[in-house]
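Here's the structure, in C-alpha cells; my notes come after.
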Amino acid sequence: EDQVTQSPEALRLQEGESSSLNCSYTVSGLRGLFWYRQDPGKGPEFLFTLYSAGEEKEKERLKATLTKKESFLHITAPKPEDSATYLCAVQAHSGYALNFGKGTSLLVTP
Amino acid sequence: GAVVSQHPSRVICKSGTSVKIECRSLDFQATTMFWYRQFPKQSLMLMATSNEGSKATYEQGVEKDKFLINHASLTLSTLTVTSAHPEDSSFYICSASELTGGKNIQYFGAGTRLSVL
C-alpha cells in the first residue's frame, strides 16, 4: 500500500530562517511526486512535480529535491507570506490519483 | 498554471436535502477529474475518480449512491451529495487532470465547505 509521511507536522520559523520539510514515501512504482501549498479554507496550489531520483526544481524561495525514498522542500529565507500548509503527494504508475501526506503547517513570523 | 473553478464555495443546507457541486476546468480539457474530501487538520482523501463519458470509480468505503458523480463533458464534473446528513459536513475539493507531454498534473479547485444542519 502506498504511504506518504510528512515531517514535521508543524514548523515555526523566523523570517529569513531557512529550513527543510520532509516527505517520506513508499509506492509501487512512482509516476510522480507532487508538492502543493494550501492556504486555510482554500484548495491546494500546485508547486512542483518530480519524476525521478536526483531531480530538483526551484521556484522563488522554494526548492524541491527527490530521492528514491523521500523528497525535501527547502525554503530559503522565508517570508511571512510563505506561511501555509505544504502537502506532498505521490502518484503511482497504476493510475493518476494522488495519495497525500498529512502536510506540514508552516508559520513564518516577522 | 491551469485554472479549475469550483462552485459553490460554501453551502449550508438542512438534513435530508441534496447538494450539487460543480467543478470546471477553464482553460484546458480534462478527461479525468477527481473528488476529494478533507476534514479539519487532515489531509485530502480521494473519494472518486471521474472520467468523461463513463461511470466514476469510487474508493473503498465511499457510497456511490450517496455521492453521485457526473462527468458530462471534458470541462465539467459534478458531485451531488444526496440526502445530506450532518456527518457529510466537510470540505470537498475537486481536481482536474492536465496531460502535457506525457506528464500528468492535477490542478485543484478552491473547495466547497458543506455544512449540514
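Residue names in the C-alpha cells use chain letters A, B, ... in the order shown, residue numbers from 1 in each chain, and ligand numbers from 1 in the order shown.
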
Taking 4 positions as the minimum chain separation for residues in the same chain, which residues sit within 8 Å of B:Gln6 when counting only C-alpha atoms? Answer as a compact mmCIF listing (two decimals) with N, CA and C atoms, in the first residue's frame.
# COMPACT_ATOMS: atom_id res chain seq x y z
N ILE B 21 -22.36 20.16 -6.42
CA ILE B 21 -21.12 20.95 -6.50
C ILE B 21 -20.56 20.79 -7.90
N GLU B 22 -20.18 21.92 -8.52
CA GLU B 22 -19.65 21.89 -9.89
C GLU B 22 -18.15 22.12 -9.90
N CYS B 23 -17.50 21.44 -10.81
CA CYS B 23 -16.06 21.60 -10.99
C CYS B 23 -15.79 21.77 -12.48
N ARG B 24 -15.17 22.89 -12.85
CA ARG B 24 -14.90 23.18 -14.26
C ARG B 24 -13.43 23.47 -14.49
N ILE B 93 -13.19 19.02 -2.31
CA ILE B 93 -12.31 19.66 -3.28
C ILE B 93 -12.22 18.79 -4.53
N CYS B 94 -12.31 19.45 -5.69
CA CYS B 94 -12.15 18.72 -6.94
C CYS B 94 -10.79 19.06 -7.56
N GLY B 109 -9.55 22.89 -7.52
CA GLY B 109 -10.48 23.97 -7.30
C GLY B 109 -10.28 24.55 -5.91
N ALA B 110 -11.05 25.60 -5.61
CA ALA B 110 -10.90 26.31 -4.33
C ALA B 110 -11.62 25.60 -3.19
N GLY B 111 -12.41 24.56 -3.51
CA GLY B 111 -13.08 23.80 -2.47
C GLY B 111 -14.48 24.31 -2.17
N THR B 112 -15.30 23.42 -1.60
CA THR B 112 -16.66 23.74 -1.18
C THR B 112 -16.83 23.31 0.26

Please report as a VMD selection string which residues of chain A come no farther than 10 Å from chain B, using only C-alpha atoms.
-> chain A and resid 31 to 32 34 36 38 to 39 41 to 49 51 85 87 to 89 91 96 to 103 105

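Nearest to B:Thr82 of all the residues B:Leu26, B:Leu117, B:Val19, B:Cys13 is B:Val19, counting only C-alpha atoms.
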
Contacts of B:Thr31 at 12 Å or less, counting only C-alpha atoms, minus same-chain residues fewer than 5 places along, as a VMD selection string?
-> (chain A and resid 96) or (chain B and resid 24 to 25 49 to 54 56 71 to 77 95 to 99 104 106)

To one decimal place, how far is atom CA of A:Val90 from atom CA of A:Leu33 in Å?
-> 4.5 Å

Measure the distance from atom CA of A:His93 to atom CA of B:Lys66 in Å and round it to one decimal.
-> 29.3 Å

Could you check which of B:Ser15, B:Asn70, B:Gln29, B:Thr78 is closest to B:Leu114, using only C-alpha atoms?
-> B:Ser15

Leaving out A:Lys69 and any residue of its chain fewer than 2 positions from it, which residues lie within 7 Å of it when counting only C-alpha atoms, given as a count of residues only?
-> 4

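Going from atom CA of A:Lys79 over to atom CA of A:Thr104, you cover 16.3 Å.
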
Give me the residues within 6 Å of A:Ala92 as a list in words, counting only C-alpha atoms and dropping any in the same chain fewer than 2 places off.
-> Gly29, Leu30, Arg31, Ser94 and Gly95 of chain A

Which residues, written as a PyMOL selection string, have at least one atom at most 10 Å from A:Lys57, with only C-alpha atoms counted and residues fewer than 3 positions away on the same chain left out?
-> chain A and resi 47-50+62-66+73
